[in-house]
Every structure is written in C-alpha cells, then in structure tokens.
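Here is the structure we will look at, set down as structure tokens.
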Amino acid sequence: MNPVQQRLLWLVPSLLMTIHFLYWPLVRGTSIAFPVFVAVIPFLFGLLMVGTAVRIWHLWSWTIPMPHVCFLWASYTTLGPLVLNDTISMPFSAMGVVKMSLLTGFISAVTGTVIDTISMDERLLTVHSRVAATGVGTVKTVIAYSFLFFGAFGLFIGPITKVGHYYLVELGDTSRIWLLILLTIVPICVLFLAYFALMSNPRGALAAKQPDSAGSP
C-alpha cells in the first residue's frame with residue numbers, strides 16, 4: 001500500500017471520524033447519539049444500497065472489502081456536517097433545512113468526485129460503465145455519474161442531519177435515534193435503488209458495456 005492509498009483509505013477517514021465523534025459532544029455539547037446518527041446513515045446506505053447495486057448491476061468493483069468502502073463513505077460524509085456545524089446548530093427552521101440541503105449537496109458532490117477519481121487512479125476502484133469503456137479518461141468517467149449521484153445523496157443528508165439535530169439535540173429525545181435511522185434509511189434506499197435501476201439501463205450513464213452483435217466483450 002503506497003502513501004496515497006494509506007492516506008485515502010486510513011489516515012484521512014480515521015481522522016475525520018475521530019474529529020466527528022469528539023467535536024459534537026465536546027464542542028457543541030450534544031449527546032453521543034447525534035454523531036452516531038450522522039455516521040450510521042451513510043454507513044448503512046453504503047452497506048445496503050451501494051452493496052446491493054454492486055451485486056445486481058456490477059457498476060463498480062473495489063480492491064477493498066465492502067465494509068471498508070462503507071467506512072470510507074461514512075467518514076467522508078461527516079465532513080459536510082463538520083464544515084456546516086454553525087448551520088446545523090442554529091434553531092430548526094425551513095430555511096435552515098434548505099441551506100443545509102444545498103450546501104451538503106455541493107460538498108458531497110465535490111468530495112465524492114475527488115475520492116472516486118483518486119481511487120480509480122490508484123486502481124482501488126474500477127467503474128464498469130459504457131462511459132468508462134469509451135476510454136475518455138478517469139475524470140470524465142467519474143464525472144459522468146458522480147455529481148448527480150453524490151450531489152443527490154448530499155441533498156438528502158443535509159435535511160436528515162438537521163432533523164436529527166432537532167430531535168436528538170434540541171428536543172433531547174435520544175430514545176428515538178433508531179426510529180429516526182429506520183425512517184431515514186428506508187426511503188433514501190428506495191429512491192436510490194430507483195436511481196441505480198434507471199442509470200443502469202442500456203442508455204444510462206452507468207450502463208455496463210454491452211457485448212457487440214458477435215458476442216465479443
């Protein structure tokens with residue numbers, strides 16, 4: 001494992017996750033339930049949704065185990081709430097929810113694009129799409145799906161984080177954490193399952209390269 005891979009796979013995500021779990025209770029005075037909520041949502045999404053999409057449509061393949069991919073997803077997702085901690089900590093409002101949605105959408109799109117680009121360059125990730133098969137290069141291959149996919153995920157994570165903060169911190173109702181997780185993870189998994197199905201059709205940006213009429217790959 002070279003230094004770039006060490007930083008991408010272990011150093012940076014471990015540092016982000018450590019800061020995440022220390023910052024909210026120690027600086028913002030939340031219970032441990034809030035950082036758990038923020039980290040568990042993307043981890044479960046990666047495990048349930050991305051893992052399923054990989055098995056069904058073979059959109060991507062990694063040289064690292066899926067639980068590690070989910071850890072990366074969760075740790076890099078915590079970056080948005082950390083950067084936007086002032087917005088999250090403001091009293092709950094519709095404008096605050098919209099602001100969180102747009103800002104986390106942007107942060108998620110940029111972060112996801114950078115991570116996948118580096119992962120492809122380091123041969124940790126392979127994208128099995130029609131776009132990738134044209135040989136357009138790593139950046140164009142990733143951008144073909146990343147801004148829509150990661151951006152859309154961020155658009156959901158923003159309001160989810162704000163709502164989680166409202167219930168778990170402002171109201172102090174930590175007993176609802178698992179209900180909040182369930183009510184959150186089910187709809188976004190369903191929505192993104194539809195996204196994967198749509199984008200994996202023969203004309204979609206994530207469609208796997210199909211064999212030609214002679215049957216050759």
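Residues in the structure tokens are numbered from 1 in each chain, the chains being A, B, ... in the order shown, and ligands are numbered from 1 in the order shown.
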
Can you list, as a PyMOL selection string, all residues belonging to stretch 69-203 of chain A that DSSP tags as alpha helix (DSSP H)? chain A and resi 69-77+79-83+85-89+94-121+130-133+138-165+177-199

Do you know which residues are at most 10 Å from A:Leu84 counting only C-alpha atoms, after dropping those on the same chain fewer than 2 positions away, and could you put them as a list in words? Leu79, Gly80, Pro81, Leu82, Asp86, Thr87, Ile88, Ser89, Lys99, Met100, Leu103, Thr104, Ile107 and Gly158 of chain A

Residues of stretch 88-186 of chain A that approach stretch 6-14 of chain A to 10 Å or less, counting only C-alpha atoms: could you list each one with the shortest pair of atoms and its distance in Å to one decimal, rows by chain and increasing residue number, as a tab-separated table?
```
residue	atom	partner	partner_atom	distance
A:Ile115	CA	A:Leu8	CA	7.8
A:Ile118	CA	A:Leu8	CA	8.3
A:Ser119	CA	A:Leu8	CA	8.2
A:Glu122	CA	A:Leu8	CA	9.9
A:Leu124	CA	A:Leu9	CA	9.7
```

Can those selected residues be exported to a file as a PDB file, in the first residue's frame so that it contains all heavy atoms?
```pdb
ATOM      1  N   ILE A 115     -12.741  11.689  -4.353  1.00  0.00           N
ATOM      2  CA  ILE A 115     -12.403  10.377  -3.792  1.00  0.00           C
ATOM      3  C   ILE A 115     -12.437   9.293  -4.867  1.00  0.00           C
ATOM      4  O   ILE A 115     -11.527   8.458  -4.964  1.00  0.00           O
ATOM      5  CB  ILE A 115     -13.363  10.008  -2.648  1.00  0.00           C
ATOM      6  CG1 ILE A 115     -13.234  11.001  -1.493  1.00  0.00           C
ATOM      7  CG2 ILE A 115     -13.090   8.586  -2.154  1.00  0.00           C
ATOM      8  CD1 ILE A 115     -11.836  11.132  -0.942  1.00  0.00           C
ATOM      9  N   ILE A 118      -9.431   9.710  -7.327  1.00  0.00           N
ATOM     10  CA  ILE A 118      -8.180   9.211  -6.742  1.00  0.00           C
ATOM     11  C   ILE A 118      -8.209   7.688  -6.648  1.00  0.00           C
ATOM     12  O   ILE A 118      -7.209   7.012  -6.934  1.00  0.00           O
ATOM     13  CB  ILE A 118      -7.951   9.824  -5.345  1.00  0.00           C
ATOM     14  CG1 ILE A 118      -7.773  11.340  -5.450  1.00  0.00           C
ATOM     15  CG2 ILE A 118      -6.727   9.200  -4.674  1.00  0.00           C
ATOM     16  CD1 ILE A 118      -7.681  12.043  -4.107  1.00  0.00           C
ATOM     17  N   SER A 119      -9.358   7.144  -6.265  1.00  0.00           N
ATOM     18  CA  SER A 119      -9.481   5.689  -6.135  1.00  0.00           C
ATOM     19  C   SER A 119      -9.251   4.987  -7.465  1.00  0.00           C
ATOM     20  O   SER A 119      -8.618   3.929  -7.525  1.00  0.00           O
ATOM     21  CB  SER A 119     -10.862   5.324  -5.583  1.00  0.00           C
ATOM     22  OG  SER A 119     -11.044   5.838  -4.283  1.00  0.00           O
ATOM     23  N   GLU A 122      -5.574   5.154  -8.346  1.00  0.00           N
ATOM     24  CA  GLU A 122      -4.795   4.237  -7.517  1.00  0.00           C
ATOM     25  C   GLU A 122      -5.188   2.773  -7.732  1.00  0.00           C
ATOM     26  O   GLU A 122      -4.718   1.891  -7.023  1.00  0.00           O
ATOM     27  CB  GLU A 122      -4.974   4.601  -6.039  1.00  0.00           C
ATOM     28  CG  GLU A 122      -4.351   5.932  -5.645  1.00  0.00           C
ATOM     29  CD  GLU A 122      -2.848   5.929  -5.817  1.00  0.00           C
ATOM     30  OE1 GLU A 122      -2.207   4.929  -5.439  1.00  0.00           O
ATOM     31  OE2 GLU A 122      -2.312   6.927  -6.345  1.00  0.00           O
ATOM     32  N   LEU A 124      -7.863   1.288  -7.012  1.00  0.00           N
ATOM     33  CA  LEU A 124      -8.665   0.740  -5.923  1.00  0.00           C
ATOM     34  C   LEU A 124     -10.105   0.547  -6.374  1.00  0.00           C
ATOM     35  O   LEU A 124     -10.831  -0.273  -5.821  1.00  0.00           O
ATOM     36  CB  LEU A 124      -8.638   1.689  -4.717  1.00  0.00           C
ATOM     37  CG  LEU A 124      -7.273   1.951  -4.091  1.00  0.00           C
ATOM     38  CD1 LEU A 124      -7.368   3.101  -3.094  1.00  0.00           C
ATOM     39  CD2 LEU A 124      -6.749   0.697  -3.411  1.00  0.00           C
TER      40      LEU A 124
END
```

Give me, as an MDAnalysis selection string, all polymer residues having an atom no more than 9 Å from A:Phe192, counting only C-alpha atoms and skipping those fewer than 6 positions away in the same chain. chainID A and resid 49:50 149 153

Any chance you can output those residues with C-alpha atoms as a PDB file, in the first residue's frame?
```
ATOM      1  CA  MET A  49     -27.735   0.282  -1.152  1.00  0.00           C
ATOM      2  CA  VAL A  50     -24.335   0.543  -2.783  1.00  0.00           C
ATOM      3  CA  PHE A 149     -25.125  10.638  -7.517  1.00  0.00           C
ATOM      4  CA  PHE A 153     -27.039  11.974  -1.663  1.00  0.00           C
TER       5      PHE A 153
END
```

Considering only C-alpha atoms, state which residue in the set A:Cys189, A:Val127, A:Val4, A:Val97 is at the smallest distance from A:Ile41.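 Smallest distance to A:Ile41 is found for A:Cys189.
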
Pick out the closest residue to A:Val98 from this set: A:Phe196, A:Phe156, A:Phe34, A:Phe21. Count only C-alpha atoms.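 Going through A:Phe196, A:Phe156, A:Phe34, A:Phe21 one by one, the smallest distance to A:Val98 is for A:Phe156.
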